[in-house]
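Colleague: Here it is: the structure, laid out below.
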Amino acid sequence: MRNHFFDAIANGAGGAVTADRLVDLSVFGTNPGALRARLYVPARLAEHPALVVVLHGCTQTAAGYDHGSGWSRLADRHGFVLLYPEQDRANNANLCFNWFEPCDIVRGNGEALSIHQMIEAVVVAHGIDRDRIFITGLSAGGAMASVMLATYPETFAGGAIIAGLPYGCATNVQHAFGAMRSGGRTRPNALAELIRRASDHDGPWPKVSVWHGSGDATVNPDNSDAIVEQWLPLHGVSGRPHVTDVVNGYPHRAWHNASGRIVVEAYSITGMGHGIPLNTNGADSVGVKGPYMLDMAISSSQRITEFWGLTSDTITQSDAVERAQHTGPAIPSTDVALRGAQARRLYPEPKPASGINVRRIIDDALRSGGLLK
C-alpha cells in the first residue's frame, strides 16, 4: 500500500533536465528532517529581494521541477531568490515530502523544521525582505506547503498550493489515501481550527492561491475547495467569492478581506489531470512541457508571481500596513557573507507551540465541528 501511494502522487521528473541551475546550501542548521537544500540566486537581485520556496512532487528532483515549472527564469526576470528543499531517498523511497507523518508536520520538528531552518539561513545570507517570503508546491509538495503555511504562518506573506491537500487531513498513509480520494472536507471552522492550533500565531495570515485540475484522478479536486474553506475563516471571510471570472478560459474565484485585499483565490483548470498548468508557447512563456508539467495555455508560475506582487520590487502599501500592525520593527539586512551556523545564532528557531499532539488537534477540531463524538 505504501509503495502504491507513493507511486500514485505526482510521478515524473518534470521533464528532461538539460542543465541544473541550482546550487547546494550545505549548512543551515540541525536539519532534523535530513533534507537537502538547493538554491538559485539570479545574477541581478532586486534591492530588497523576495524569497520563494518551491517544493517538488514525488519522484521529482528540485532541478527537474525548476526546469519544468520555470521558476528560475522568473527569478531572472524579477530578481527574487529561490529555495528548493529536496527530499532524500533515505527518508522516502519515492522522494515524497512526508506531509502525512506526525513527526514531520508540526512546528519545531522533522521536515517542517528543516525547511524553516533553510529559510532562515537564506534570509540572512542574501538580505531577504522578511515581508516577502512565499512558498509553493505541487501535489505532495503542495501538501507540504500547506504544512509550512500552518506551522510557520508568521514566516510567509503568501502561499500557492497546486494539486495539493489541506493541512491536517492525514496523519498516516491510510488517512492520506482517504483524503486524496474524498477531498478531505469537513466544516470550514473545523479545518481552520487545525491551523489555529498549529502555532500560537494570531495573524496576519498568509494569502493563498489554490490551483487544481478538474480532471485530476490522483488527488480529488474537492481538496481545492477544502483548502479554500480552511483559509477563509482565518481571514475573516465567508460566503461566496467576491470575484468570479474566467482567466485564459478557466474559472477563477477570489475572496477579499475587510480591507478589500484579495486573500484567497482558486483556479480550476478545466479537464486538466494531475500536474502543474503551464504556458510553454510565446515570447513570455516559462517552463517546459513534460510529465506532470502540462501545457494548458496558462502559466501558474507566472500568475502566482503576479498574485504575490513579485513583478515589482515593493510590496503593496496595504500588504505592508497589515503586516506591520502585527509584527515588530524590520530586522536589518546582514552582510551577504554571513551564512549557515552564524545565521542560526542570529536568528534562533521560533519556539514550537507547547504540547502539540497532532492527533488530538484533529480530533478536537472535528468535535468542535460536530463531526466526531
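Naming scheme: A, B, ... for chains in displayed order of the C-alpha cells; residues 1 onward per chain; ligands 1 onward as shown.
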List as number ranges by chain the protein and nucleic acid residues near Ile161 of chain A, meaning an atom at most 8 Å away when only C-alpha atoms are counted, but skip any in the same chain fewer than 3 places from it.
Modeller: A: 136-139, 142-143, 145-146, 164-165, 208-211
Colleague: Can you write out the residues you just picked, keeping C-alpha atoms, as a PDB file, in the first residue's frame?
Modeller:
ATOM      1  CA  THR A 136       4.546  26.891  -3.326  1.00  0.00           C
ATOM      2  CA  GLY A 137       4.471  23.210  -4.197  1.00  0.00           C
ATOM      3  CA  LEU A 138       2.931  20.513  -6.372  1.00  0.00           C
ATOM      4  CA  SER A 139       0.990  17.507  -5.063  1.00  0.00           C
ATOM      5  CA  GLY A 142       1.659  21.250  -2.276  1.00  0.00           C
ATOM      6  CA  ALA A 143       0.520  19.335   0.789  1.00  0.00           C
ATOM      7  CA  ALA A 145       3.378  23.810   1.508  1.00  0.00           C
ATOM      8  CA  SER A 146       0.092  23.593   3.446  1.00  0.00           C
ATOM      9  CA  GLY A 164      -2.366  19.573  -3.005  1.00  0.00           C
ATOM     10  CA  LEU A 165      -4.317  18.954   0.187  1.00  0.00           C
ATOM     11  CA  VAL A 208      -3.237  31.740  -0.552  1.00  0.00           C
ATOM     12  CA  SER A 209      -3.577  30.804  -4.214  1.00  0.00           C
ATOM     13  CA  VAL A 210      -5.044  27.349  -4.959  1.00  0.00           C
ATOM     14  CA  TRP A 211      -4.753  25.508  -8.291  1.00  0.00           C
TER      15      TRP A 211
END
Colleague: Write out as a PyMOL selection string each polymer residue whose atoms come within 10 Å of Arg181 of chain A, counting only C-alpha atoms; drop sequence neighbours fewer than 3 positions from it.
Modeller: chain A and resi 175-178+184+217-223
Colleague: Excluding Pro277 of chain A and its own-chain neighbours fewer than 4 positions away, which residues fall within 12 Å of it when counting only C-alpha atoms? Please give them as number ranges by chain.
Modeller: A: 14, 68-70, 138, 162-163, 210-214, 216, 248, 250, 267-273, 286-304
Colleague: May I ask which of the residues A:Leu74, A:Ala43, A:Ala63, A:Cys103 is the closest one to Asp284 of chain A, counting only C-alpha atoms?
Modeller: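 Closest residue, counting only C-alpha atoms: A:Leu74.
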Colleague: Which parts of segment 103-318 of chain A does DSSP call strand (DSSP E) when run on the backbone here, written out as a VMD selection string?
Modeller: chain A and resid 133 to 138 158 to 162 207 to 213 243 to 247 250 to 256 262 to 269 276 to 278 293 to 295
Colleague: Selected residues, C-alpha atoms, written as a compact mmCIF listing (two decimals), in the first residue's frame, please.
Modeller:
# COMPACT_ATOMS: atom_id res chain seq x y z
CA ILE A 133 8.75 35.22 1.77
CA PHE A 134 6.46 32.85 -0.14
CA ILE A 135 6.02 29.11 -0.63
CA THR A 136 4.55 26.89 -3.33
CA GLY A 137 4.47 23.21 -4.20
CA LEU A 138 2.93 20.51 -6.37
CA GLY A 158 1.68 34.06 0.83
CA GLY A 159 1.46 30.54 -0.48
CA ALA A 160 0.34 28.66 -3.57
CA ILE A 161 -0.86 25.05 -3.45
CA ILE A 162 -1.08 23.12 -6.72
CA LYS A 207 -2.72 34.94 1.40
CA VAL A 208 -3.24 31.74 -0.55
CA SER A 209 -3.58 30.80 -4.21
CA VAL A 210 -5.04 27.35 -4.96
CA TRP A 211 -4.75 25.51 -8.29
CA HIS A 212 -6.27 22.16 -9.29
CA GLY A 213 -7.24 20.32 -12.45
CA VAL A 243 -14.75 37.80 -7.83
CA THR A 244 -15.95 35.13 -10.25
CA ASP A 245 -14.40 35.38 -13.67
CA VAL A 246 -12.63 33.47 -16.41
CA VAL A 247 -8.86 33.75 -16.87
CA TYR A 250 -10.50 28.83 -16.87
CA PRO A 251 -12.80 29.54 -13.88
CA HIS A 252 -11.22 31.79 -11.26
CA ARG A 253 -12.64 32.79 -7.88
CA ALA A 254 -11.28 35.30 -5.36
CA TRP A 255 -12.21 36.49 -1.87
CA HIS A 256 -11.47 39.92 -0.37
CA ILE A 262 -7.60 39.56 -2.17
CA VAL A 263 -6.56 36.99 0.44
CA VAL A 264 -7.68 33.70 -1.14
CA GLU A 265 -8.05 32.76 -4.80
CA ALA A 266 -8.72 29.49 -6.62
CA TYR A 267 -8.25 28.34 -10.20
CA SER A 268 -10.00 25.27 -11.64
CA ILE A 269 -8.17 24.15 -14.78
CA ILE A 276 1.08 21.95 -12.82
CA PRO A 277 -0.52 24.10 -15.55
CA LEU A 278 1.94 25.91 -17.81
CA MET A 293 4.20 19.66 -16.42
CA LEU A 294 1.09 20.29 -18.50
CA ASP A 295 0.76 22.89 -21.23
Colleague: Where does DSSP see helix (DSSP H, G or I) in segment 72-286 of chain A, if you list the residues as a short mmCIF file (atom, residue, chain, number, x, y, z; two decimals) with N, CA and C atoms, in the first residue's frame?
Modeller:
data_model
loop_
_atom_site.label_atom_id
_atom_site.label_comp_id
_atom_site.auth_asym_id
_atom_site.auth_seq_id
_atom_site.Cartn_x
_atom_site.Cartn_y
_atom_site.Cartn_z
N SER A 72 13.12 29.51 -12.02
CA SER A 72 14.38 30.26 -12.06
C SER A 72 14.39 31.27 -13.20
N ARG A 73 13.65 31.03 -14.27
CA ARG A 73 13.54 32.02 -15.34
C ARG A 73 12.78 33.25 -14.84
N LEU A 74 11.76 33.02 -14.03
CA LEU A 74 11.03 34.15 -13.44
C LEU A 74 11.91 34.89 -12.44
N ALA A 75 12.75 34.17 -11.71
CA ALA A 75 13.68 34.81 -10.79
C ALA A 75 14.66 35.70 -11.54
N ASP A 76 15.10 35.26 -12.71
CA ASP A 76 15.97 36.09 -13.53
C ASP A 76 15.28 37.39 -13.93
N ARG A 77 14.00 37.31 -14.26
CA ARG A 77 13.25 38.49 -14.70
C ARG A 77 13.01 39.48 -13.58
N HIS A 78 12.72 38.96 -12.37
CA HIS A 78 12.20 39.82 -11.31
C HIS A 78 13.11 39.94 -10.09
N PRO A 102 3.21 12.41 11.42
CA PRO A 102 3.09 13.33 12.56
C PRO A 102 4.40 13.99 12.98
N CYS A 103 5.51 13.26 12.88
CA CYS A 103 6.79 13.82 13.32
C CYS A 103 7.33 14.87 12.36
N ASP A 104 6.77 14.97 11.16
CA ASP A 104 7.29 15.90 10.15
C ASP A 104 6.39 17.09 9.89
N GLY A 110 11.14 17.71 12.70
CA GLY A 110 11.20 16.99 11.44
C GLY A 110 11.40 17.85 10.20
N GLU A 111 10.73 17.45 9.13
CA GLU A 111 10.91 18.13 7.84
C GLU A 111 10.46 19.58 7.89
N ALA A 112 9.40 19.86 8.63
CA ALA A 112 8.93 21.25 8.73
C ALA A 112 10.02 22.14 9.32
N LEU A 113 10.69 21.68 10.37
CA LEU A 113 11.75 22.47 10.97
C LEU A 113 12.94 22.59 10.03
N SER A 114 13.29 21.53 9.33
CA SER A 114 14.41 21.62 8.38
C SER A 114 14.16 22.70 7.33
N ILE A 115 12.95 22.74 6.79
CA ILE A 115 12.63 23.75 5.78
C ILE A 115 12.71 25.14 6.38
N HIS A 116 12.22 25.28 7.60
CA HIS A 116 12.29 26.60 8.23
C HIS A 116 13.73 27.01 8.49
N GLN A 117 14.57 26.09 8.87
CA GLN A 117 15.99 26.40 9.07
C GLN A 117 16.65 26.86 7.77
N MET A 118 16.31 26.20 6.68
CA MET A 118 16.84 26.63 5.37
C MET A 118 16.44 28.07 5.09
N ILE A 119 15.18 28.38 5.32
CA ILE A 119 14.68 29.72 5.06
C ILE A 119 15.46 30.75 5.86
N GLU A 120 15.66 30.49 7.14
CA GLU A 120 16.37 31.43 7.99
C GLU A 120 17.79 31.67 7.49
N ALA A 121 18.47 30.62 7.09
CA ALA A 121 19.84 30.76 6.59
C ALA A 121 19.89 31.61 5.32
N VAL A 122 18.93 31.38 4.40
CA VAL A 122 18.90 32.14 3.15
C VAL A 122 18.53 33.60 3.40
N VAL A 123 17.61 33.85 4.29
CA VAL A 123 17.20 35.21 4.63
C VAL A 123 18.40 36.03 5.06
N VAL A 124 19.20 35.47 5.94
CA VAL A 124 20.36 36.19 6.47
C VAL A 124 21.45 36.34 5.41
N ALA A 125 21.73 35.28 4.69
CA ALA A 125 22.83 35.30 3.73
C ALA A 125 22.59 36.25 2.56
N HIS A 126 21.31 36.46 2.20
CA HIS A 126 21.03 37.23 0.99
C HIS A 126 20.18 38.48 1.24
N ALA A 140 2.40 16.28 -3.44
CA ALA A 140 2.97 16.09 -2.11
C ALA A 140 3.69 17.35 -1.66
N GLY A 141 4.33 18.05 -2.61
CA GLY A 141 4.94 19.33 -2.29
C GLY A 141 3.91 20.39 -1.96
N GLY A 142 2.75 20.34 -2.62
CA GLY A 142 1.66 21.25 -2.28
C GLY A 142 1.11 20.98 -0.90
N ALA A 143 0.97 19.70 -0.55
CA ALA A 143 0.52 19.34 0.79
C ALA A 143 1.53 19.79 1.84
N MET A 144 2.83 19.70 1.50
CA MET A 144 3.87 20.15 2.43
C MET A 144 3.88 21.67 2.52
N ALA A 145 3.53 22.36 1.43
CA ALA A 145 3.38 23.81 1.51
C ALA A 145 2.25 24.17 2.48
N SER A 146 1.17 23.39 2.46
CA SER A 146 0.09 23.59 3.45
C SER A 146 0.62 23.44 4.87
N VAL A 147 1.48 22.45 5.07
CA VAL A 147 2.08 22.23 6.39
C VAL A 147 2.88 23.45 6.84
N MET A 148 3.71 23.98 5.95
CA MET A 148 4.57 25.11 6.31
C MET A 148 3.74 26.37 6.58
N LEU A 149 2.72 26.61 5.77
CA LEU A 149 1.87 27.77 5.99
C LEU A 149 1.13 27.69 7.31
N ALA A 150 0.79 26.48 7.75
CA ALA A 150 0.08 26.29 9.01
C ALA A 150 1.02 26.36 10.21
N THR A 151 2.19 25.75 10.10
CA THR A 151 3.07 25.63 11.27
C THR A 151 3.97 26.84 11.46
N PRO A 153 3.16 30.27 10.08
CA PRO A 153 2.41 31.28 9.30
C PRO A 153 3.04 32.66 9.37
N GLU A 154 3.75 32.97 10.46
CA GLU A 154 4.36 34.29 10.59
C GLU A 154 5.52 34.48 9.61
N THR A 155 6.03 33.38 9.07
CA THR A 155 7.16 33.45 8.15
C THR A 155 6.74 33.89 6.75
N VAL A 173 -0.55 6.85 6.35
CA VAL A 173 -0.77 6.54 4.94
C VAL A 173 -2.24 6.29 4.65
N GLN A 174 -2.95 5.59 5.55
CA GLN A 174 -4.36 5.30 5.33
C GLN A 174 -5.18 6.59 5.26
N HIS A 175 -4.91 7.51 6.18
CA HIS A 175 -5.60 8.80 6.14
C HIS A 175 -5.28 9.54 4.85
N ALA A 176 -4.03 9.44 4.40
CA ALA A 176 -3.63 10.12 3.17
C ALA A 176 -4.41 9.61 1.97
N PHE A 177 -4.54 8.27 1.88
CA PHE A 177 -5.36 7.69 0.81
C PHE A 177 -6.77 8.25 0.85
N GLY A 178 -7.36 8.27 2.05
CA GLY A 178 -8.73 8.75 2.18
C GLY A 178 -8.89 10.19 1.76
N ALA A 179 -7.94 11.05 2.18
CA ALA A 179 -8.02 12.46 1.82
C ALA A 179 -7.84 12.66 0.32
N MET A 180 -6.93 11.89 -0.27
CA MET A 180 -6.72 12.00 -1.71
C MET A 180 -7.97 11.61 -2.49
N ARG A 181 -8.68 10.62 -1.98
CA ARG A 181 -9.86 10.12 -2.71
C ARG A 181 -11.10 10.95 -2.46
N SER A 182 -11.27 11.40 -1.21
CA SER A 182 -12.54 12.04 -0.84
C SER A 182 -12.49 13.55 -0.87
N PRO A 188 -15.84 24.25 7.49
CA PRO A 188 -14.75 25.22 7.37
C PRO A 188 -14.12 25.61 8.70
N ASN A 189 -14.92 25.83 9.73
CA ASN A 189 -14.36 26.24 11.01
C ASN A 189 -13.50 25.15 11.63
N ALA A 190 -13.86 23.88 11.39
CA ALA A 190 -13.04 22.79 11.90
C ALA A 190 -11.72 22.73 11.17
N LEU A 191 -11.74 22.96 9.86
CA LEU A 191 -10.50 22.99 9.09
C LEU A 191 -9.60 24.14 9.55
N ALA A 192 -10.18 25.31 9.74
CA ALA A 192 -9.39 26.47 10.17
C ALA A 192 -8.79 26.25 11.54
N GLU A 193 -9.52 25.54 12.41
CA GLU A 193 -9.02 25.30 13.76
C GLU A 193 -7.73 24.49 13.76
N LEU A 194 -7.56 23.62 12.77
CA LEU A 194 -6.32 22.86 12.66
C LEU A 194 -5.12 23.78 12.50
N ILE A 195 -5.29 24.85 11.74
CA ILE A 195 -4.21 25.81 11.55
C ILE A 195 -4.03 26.68 12.79
N ARG A 196 -5.13 27.13 13.38
CA ARG A 196 -5.02 27.98 14.57
C ARG A 196 -4.24 27.29 15.67
N ASP A 222 -11.84 18.08 -5.05
CA ASP A 222 -12.52 18.64 -3.88
C ASP A 222 -11.52 19.16 -2.85
N ASN A 223 -10.28 18.66 -2.91
CA ASN A 223 -9.26 19.18 -1.99
C ASN A 223 -9.02 20.67 -2.20
N SER A 224 -9.20 21.14 -3.42
CA SER A 224 -9.05 22.57 -3.69
C SER A 224 -10.05 23.38 -2.87
N ASP A 225 -11.31 22.95 -2.87
CA ASP A 225 -12.32 23.65 -2.07
C ASP A 225 -12.03 23.53 -0.58
N ALA A 226 -11.51 22.38 -0.16
CA ALA A 226 -11.19 22.19 1.26
C ALA A 226 -10.10 23.16 1.70
N ILE A 227 -9.10 23.37 0.85
CA ILE A 227 -8.03 24.32 1.18
C ILE A 227 -8.61 25.73 1.29
N VAL A 228 -9.45 26.11 0.34
CA VAL A 228 -10.10 27.42 0.39
C VAL A 228 -10.89 27.56 1.68
N GLU A 229 -11.68 26.54 2.01
CA GLU A 229 -12.50 26.59 3.22
C GLU A 229 -11.66 26.62 4.49
N GLN A 230 -10.47 26.06 4.44
CA GLN A 230 -9.59 26.10 5.61
C GLN A 230 -9.07 27.51 5.89
N TRP A 231 -8.84 28.27 4.82
CA TRP A 231 -8.20 29.57 4.99
C TRP A 231 -9.18 30.74 5.10
N PRO A 233 -11.95 31.34 6.95
CA PRO A 233 -12.27 31.84 8.30
C PRO A 233 -11.10 32.55 8.97
N LEU A 234 -9.88 32.14 8.66
CA LEU A 234 -8.71 32.79 9.26
C LEU A 234 -8.63 34.25 8.83
N HIS A 235 -9.06 34.52 7.61
CA HIS A 235 -9.04 35.89 7.09
C HIS A 235 -10.34 36.64 7.38
#
Colleague: So, with only C-alpha atoms as the atoms that count, which of A:Leu82, A:Gly64, A:Val23, A:Ala198 lies closest to Ile105 of chain A?
Modeller: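 Closest to Ile105 of chain A of all the choices is A:Ala198.
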Colleague: May I ask for the distance between atom CA of Ala157 of chain A and atom CA of Gly57 of chain A, given in Å to one decimal place?
Modeller: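 Separating atom CA of Ala157 of chain A from atom CA of Gly57 of chain A is a distance of 22.4 Å.
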Colleague: At what distance in Å, to one decimal, does atom CA of Trp99 of chain A lie from atom CA of Gly127 of chain A?
Modeller: 29.4 Å
Colleague: Nearest residue to Phe100 of chain A out of A:Leu35, A:Asn172, A:Val81, A:Phe156, using only C-alpha atoms?
Modeller: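 Nearest candidate to Phe100 of chain A out of A:Leu35, A:Asn172, A:Val81, A:Phe156: A:Asn172.
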Colleague: Could you tell me how far atom CA of Gly236 of chain A sits from atom CA of Gly260 of chain A, in Å to one decimal place?
Modeller: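 Rounded to one decimal, the two atoms are 12.0 Å apart.
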Colleague: Which residue is closest to Leu83 of chain A? Choose from A:Arg261, A:His48, A:Arg38, A:His56 and count only C-alpha atoms.
Modeller: A:Arg38
